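Everything on this sheet refers to the single structure shown next.
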Amino acid sequence: MKSSHEPKNSDLTGPRVNRRTLLKGGAAAAGVAAAGSLTIFSRTARAADTLRVLCWPGYEEKDVIQEFEDTHGVNVEFKIYIGGEQMLQFFNQTPRGTYDNVLADAEYIRKLAAIDAVEPYNPGEVPELANYHPKFNNMHQVQAGDGMVWGTPTRFSFYAISYNSDHMSFEESGDWNSLFLPKFEGKIGIFDWYLPNMGNASLAVHPNKENPYDLTDEQLGAVRDWLLRLRPQVNMFGSGAQAIVQAMINGDVVAGMIGDLDIDLKLAGYTNMESTIPVQGGIRWQEVATLCKQSENKELALEWIKYMSQAHVQAKLAYTKAFKARGPNLKIAEHWTEEQNQLLGYYPDPNNPGQMWVETLIDRSVGRDLPVQQDEKVWIDIFNEFKTG
Amino acid sequence: MTDSSVIPPSNRSPLKLTFLAPPVGYYAIFFIAPLAFLVVLGFWIVRDYQIVAEFSVGNYIDIFSQFFSRSRFGWALVQSIYVAVTTSVFAVIFCYFLAMGIVFCVPERYQRLFLVLAILPFWSSYILRLFAWQLILAQKGVLNYVLGGLGLDDPLIITNTQIGTRIGLIHYLAPILIIILYITLINVNRNLIEAARELGATRLQAFWRVIVPLSRLGLTFAFGFGVIVSFGDVLSGMLVGGGIGQSWLGSYPLYSNMIMADYNSYTNLPRTAALATVMVLIMVVMLVVAYRMADRARQRLA
């Protein structure tokens, strides 16, 4: 390095050189990072005893998949996605036949069917469906006609109110309109995705509607008005669960249309975090195991679907390191500890003899869906208006 | 066509072409090609949830038809530009004085050590740093805990505002800007400062009339870099700014956040590409302005 006392007015190019170096270094680092996160599948290179699954996190955990691999003597490769749109991108960016199974959110089945990605099958092939809660056997999102289905539900949970019980009472949490209470101004958190929020808003405006996504333009206008009215109460739009969890811990947010984030918070010792589904109803997310139409390994792919429908497998799947959820096979409770059953609602509901609390929540909730009467863009534009309002 | 007699023979040297090929290839593969694809994609359409390579300006009509109404992409863009410019101003001021401290107050043999310490945050994860800022700035965070201990009962609201966004961004930019400004300041001719002082200039006058003018190129460059990086960033606005951070303009999200949300929720990659292309165009304008400013500063120095 030159001495700082030398005259160097004519040599001020150092920063430019540094910037280029930094940009190149940064780009190279980004490239390496991106390459590291990619799982590149080759259609021709794979062995016949390999199953390829495109799925949300959790399915790839050893506890969940080990038994299947040992039983069938196969190797299962997973490509993990975060979000339905990313799933579609990954699927569309690989040659058909790359994946044998796609694990999709129930509402995305419609999109997968539209691009001819999935193949219907006879639900009779999956005997464990007999142990499922009836709502999961009758999901319209998976009905393919002629008694066939597009997929089998494997995991679910709720998108209703999550709240800090130091600030919101149990009674208040039972009504969506409590979010408008003056004490919650600037204290509400929203998950930054139109589908669950507008579904919940639809239920708040049209209580217990069978399909809150099936709205006339007038009904949708009422949902828009409800959201715009809620906007001053909103403090943040979280891009993911972690940001909202952090905001609830930090006290920036005390409640929100977020869902059952309290499960992980309770496990971390935050006993003041709760969640529930208001009396008007709430949205339920549901993951479904589908069979890829162009799979060359359909028999094994169907075996994987059957495997994922079993209670003891769902008990592991719904309690992964990735996150905690619930399983549609009600026998799941037999494979959990008392503590796990308490945490996830698989205990008797005192107000509804003969059924578990989770069944009451299932009855109160409606599966997330795509807009029925309007293009999704119309709904997204309304959500953007809410967000930028 | 250029007359071959004008080209020095060395320019046609196979060796030169060989060495030129990697950077050209690099920029073509990692910059030009993706950018061109992004622009082209913005003019395609989606049919039955699949991209169709059919030319259409529909995405742009859709975006600009609701630029300041409904989705209000325009307000998000204004918010982004405002946050980027102000962030860069604060970052440059902060880093300039930090670099001055290293150059003028630290003995020369320790300057490299101080420089390494100043750029140390660059070696830790940006996301982790943002989560750390959440913990520090939250209503029940470290800062408010300390202020509460000092008798200030009302917590400072910083997270989920654009002030929070700026803090995260400044922390991100600081290591790079410190390097730029350190190199700028270390190249300032000390003899000129001493001459100014001997001719009766106060320290402040020497600073304003000698050091600042001689730093103009570095300051311009740092400011331009700060604006462009801040404008394109999405993480600080999401994690510390709360996605819809409040500023005096209002509670609008950053434009980059709108692009991310569009990608995550809408099966229409061409519209997302069109939104991103608008952002790239603004960045190009910023680059041109920054280049002109730097060029003017260079001419003044010359």
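Following the order of the structure tokens, first chain is A, next is B, and so on, with residues numbered from 1 inside each chain and ligands from 1 in the order they appear.
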Per-residue nearest contacts segment 170-276 of chain B to segment 43-47 of chain B, cut-off 12 Å, using only C-alpha atoms, as CSV:
```
residue,atom,partner,partner_atom,distance
B:Tyr266,CA,B:Val46,CA,10.7
B:Thr267,CA,B:Val46,CA,8.0
B:Asn268,CA,B:Val46,CA,6.0
B:Leu269,CA,B:Val46,CA,7.9
B:Pro270,CA,B:Trp44,CA,5.8
B:Arg271,CA,B:Ile45,CA,8.1
B:Thr272,CA,B:Phe43,CA,10.7
B:Ala273,CA,B:Phe43,CA,8.6
B:Ala274,CA,B:Phe43,CA,7.3
B:Leu275,CA,B:Phe43,CA,11.1
```
Q) Could you pull out all residues of segment 103-292 of chain A with a DSSP call of strand (DSSP E or B) and give them as a PyMOL selection string? A) chain A and resi 103-105+118+121+132+143-145+148-149+151-158+161-164+188-191+234-238+255-257+273-276+282-292
Q: Rank nothing, just name the residue among B:Val288, B:Ile119, B:Val40, B:Leu239 nearest to chain A, using only C-alpha atoms.
A: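 Residue with the minimum atom-to-atom distance to chain A: B:Leu239.
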Report as a Markdown table: every residue of chain B with an atom at most 8 Å from chain A, its closest pair of atoms, and their distance in Å to one decimal, counting only C-alpha atoms, with rows sorted by chain and ascending residue number.
```
| residue | atom | partner | partner_atom | distance |
| --- | --- | --- | --- | --- |
| B:Asp48 | CA | A:Ala114 | CA | 6.2 |
| B:Tyr49 | CA | A:Lys111 | CA | 6.4 |
| B:Gln50 | CA | A:Ile115 | CA | 7.1 |
| B:Ser69 | CA | A:Glu385 | CA | 7.7 |
| B:Arg70 | CA | A:Glu385 | CA | 4.7 |
| B:Ser71 | CA | A:Asn384 | CA | 4.6 |
| B:Arg72 | CA | A:Thr388 | CA | 6.5 |
| B:Ala76 | CA | A:Thr388 | CA | 7.6 |
| B:Gln134 | CA | A:Gln246 | CA | 7.9 |
| B:Leu135 | CA | A:Asn250 | CA | 7.0 |
| B:Ala138 | CA | A:Asn250 | CA | 5.7 |
| B:Gln139 | CA | A:Asp252 | CA | 5.8 |
| B:Lys140 | CA | A:Asn250 | CA | 5.2 |
| B:Gly141 | CA | A:Asn250 | CA | 6.4 |
| B:Thr159 | CA | A:Asp252 | CA | 7.7 |
| B:Asn160 | CA | A:Met236 | CA | 6.2 |
| B:Ile179 | CA | A:Pro15 | CA | 7.6 |
| B:Ile180 | CA | A:Pro15 | CA | 4.9 |
| B:Leu181 | CA | A:Pro15 | CA | 7.7 |
| B:Ile183 | CA | A:Gly14 | CA | 6.4 |
| B:Thr184 | CA | A:Leu12 | CA | 6.5 |
| B:Ile186 | CA | A:Ser4 | CA | 5.3 |
| B:Asn187 | CA | A:Lys8 | CA | 5.4 |
| B:Val188 | CA | A:Asn9 | CA | 6.4 |
| B:Asn189 | CA | A:Pro7 | CA | 4.6 |
| B:Arg190 | CA | A:His5 | CA | 5.5 |
| B:Asn191 | CA | A:His5 | CA | 7.3 |
| B:Leu214 | CA | A:Asn9 | CA | 7.7 |
| B:Leu217 | CA | A:Leu12 | CA | 7.8 |
| B:Gly218 | CA | A:Pro15 | CA | 7.0 |
| B:Met238 | CA | A:Ser239 | CA | 6.7 |
| B:Leu239 | CA | A:Ala243 | CA | 6.3 |
| B:Gly242 | CA | A:Met236 | CA | 4.6 |
| B:Gly243 | CA | A:Phe237 | CA | 5.0 |
| B:Ile244 | CA | A:Met236 | CA | 6.0 |
| B:Gly245 | CA | A:Met236 | CA | 7.4 |
| B:Ser251 | CA | A:Thr388 | CA | 6.8 |
| B:Tyr252 | CA | A:Thr388 | CA | 5.0 |
| B:Pro253 | CA | A:Thr388 | CA | 6.6 |
| B:Ala261 | CA | A:Asp192 | CA | 7.1 |
| B:Tyr263 | CA | A:Glu85 | CA | 7.2 |
| B:Asn264 | CA | A:Glu85 | CA | 5.7 |
| B:Ser265 | CA | A:Trp193 | CA | 6.3 |
| B:Tyr266 | CA | A:Glu85 | CA | 7.0 |
| B:Thr267 | CA | A:Glu85 | CA | 6.3 |
| B:Leu301 | CA | A:Asn9 | CA | 7.5 |
| B:Ala302 | CA | A:Ser10 | CA | 7.3 |
```
Taking C-alpha atoms for each residue, export the selection above as a short mmCIF file (atom, residue, chain, number, x, y, z; two decimals), in the first residue's frame.
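And here's result_6.cif as it stands now:
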```
data_model
loop_
_atom_site.label_atom_id
_atom_site.label_comp_id
_atom_site.auth_asym_id
_atom_site.auth_seq_id
_atom_site.Cartn_x
_atom_site.Cartn_y
_atom_site.Cartn_z
CA ASP B 48 -53.77 -22.55 -18.31
CA TYR B 49 -51.05 -21.88 -15.72
CA GLN B 50 -48.30 -22.31 -18.30
CA SER B 69 -54.55 2.91 -7.61
CA ARG B 70 -55.54 -0.60 -6.44
CA SER B 71 -52.16 -2.44 -6.27
CA ARG B 72 -50.34 0.91 -6.13
CA ALA B 76 -44.22 1.19 -3.64
CA GLN B 134 -35.07 -7.30 15.21
CA LEU B 135 -34.03 -8.40 18.69
CA ALA B 138 -38.14 -4.45 18.85
CA GLN B 139 -40.60 -2.89 21.25
CA LYS B 140 -39.46 -5.42 23.86
CA GLY B 141 -35.95 -5.41 22.46
CA THR B 159 -39.08 -2.18 13.79
CA ASN B 160 -41.74 -2.39 11.07
CA ILE B 179 -13.55 0.38 1.94
CA ILE B 180 -14.51 2.76 -0.88
CA LEU B 181 -14.23 5.83 1.35
CA ILE B 183 -9.33 4.29 -0.25
CA THR B 184 -10.65 7.70 -1.24
CA ILE B 186 -6.08 7.66 2.06
CA ASN B 187 -5.43 9.08 -1.39
CA VAL B 188 -6.13 12.67 -0.30
CA ASN B 189 -2.90 14.64 -0.54
CA ARG B 190 -1.92 15.47 3.04
CA ASN B 191 0.33 18.29 1.80
CA LEU B 214 -10.97 15.80 -2.91
CA LEU B 217 -15.42 11.13 -6.54
CA GLY B 218 -15.39 8.50 -3.79
CA MET B 238 -39.18 -7.62 5.02
CA LEU B 239 -37.43 -8.53 8.25
CA GLY B 242 -42.11 -5.38 8.52
CA GLY B 243 -43.01 -5.59 4.85
CA ILE B 244 -45.07 -2.39 4.94
CA GLY B 245 -42.77 -0.12 6.91
CA SER B 251 -47.22 2.66 5.06
CA TYR B 252 -46.22 1.34 1.65
CA PRO B 253 -44.15 -1.77 1.03
CA ALA B 261 -45.06 -11.25 -3.19
CA TYR B 263 -43.75 -14.26 -7.49
CA ASN B 264 -44.93 -16.15 -4.41
CA SER B 265 -48.65 -15.81 -4.99
CA TYR B 266 -49.45 -15.50 -8.67
CA THR B 267 -48.97 -18.16 -11.34
CA LEU B 301 -10.59 16.79 -9.68
CA ALA B 302 -8.66 16.80 -12.93
#
```
Spatial neighbours of Gly281 of chain A, 10 Å, only C-alpha atoms, chain gap at least 4 places, as a PDB file with C-alpha atoms, in the first residue's frame:
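Output file out_23.pdb follows:
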```pdb
ATOM      1  CA  ALA A 160     -56.798 -18.750  11.933  1.00  0.00           C
ATOM      2  CA  GLY A 174     -63.246 -16.401  19.072  1.00  0.00           C
ATOM      3  CA  ASP A 175     -64.456 -13.553  16.856  1.00  0.00           C
ATOM      4  CA  TRP A 176     -62.701 -12.149  13.794  1.00  0.00           C
ATOM      5  CA  GLY A 199     -60.333 -16.787   2.829  1.00  0.00           C
ATOM      6  CA  ASN A 200     -60.430 -15.794   6.485  1.00  0.00           C
ATOM      7  CA  ALA A 201     -61.768 -12.347   5.627  1.00  0.00           C
ATOM      8  CA  SER A 202     -64.425 -13.980   3.482  1.00  0.00           C
ATOM      9  CA  LEU A 203     -65.492 -16.128   6.428  1.00  0.00           C
ATOM     10  CA  ALA A 204     -65.495 -13.092   8.727  1.00  0.00           C
ATOM     11  CA  HIS A 206     -69.848 -14.410   5.306  1.00  0.00           C
ATOM     12  CA  PRO A 207     -69.741 -16.611   8.441  1.00  0.00           C
ATOM     13  CA  ASN A 208     -69.420 -20.353   7.953  1.00  0.00           C
ATOM     14  CA  LYS A 209     -69.745 -20.106   4.181  1.00  0.00           C
ATOM     15  CA  GLU A 210     -69.281 -23.540   2.666  1.00  0.00           C
ATOM     16  CA  PRO A 212     -65.391 -18.827   1.147  1.00  0.00           C
ATOM     17  CA  THR A 276     -57.928 -20.758  17.707  1.00  0.00           C
ATOM     18  CA  ILE A 277     -60.511 -20.655  14.952  1.00  0.00           C
ATOM     19  CA  LEU A 361     -61.395 -27.319  14.679  1.00  0.00           C
ATOM     20  CA  ILE A 362     -61.669 -29.293  11.419  1.00  0.00           C
ATOM     21  CA  ASP A 363     -65.456 -28.852  11.490  1.00  0.00           C
ATOM     22  CA  ARG A 364     -65.047 -25.094  12.009  1.00  0.00           C
ATOM     23  CA  SER A 365     -62.501 -24.683   9.247  1.00  0.00           C
ATOM     24  CA  VAL A 366     -62.626 -24.744   5.474  1.00  0.00           C
TER      25      VAL A 366
END
```
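Rounded to one decimal, atom CA of Gln310 of chain A and atom CA of Asp49 of chain A lie 22.0 Å from each other.
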**Q.** Non-local contacts of Val64 of chain A (9 Å; only C-alpha atoms; under 2 positions in same chain excluded) as a list of chain:residue names
**A.**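 Within the cut-off, the hits are A:Gly58, A:Tyr59, A:Glu60, A:Glu61, A:Lys62, A:Gln66, A:Glu67, A:Phe68, A:Met308, A:Val313, A:Gln314, A:Ala315, A:Lys316, A:Leu317, A:Thr320.
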Q: Using DSSP on the backbone coordinates, identify all residues within segment 35-119 of chain B classified as helix (DSSP H, G or I); present the result as a PyMOL selection string.
A: chain B and resi 35-41+58-65+73-105+108-118
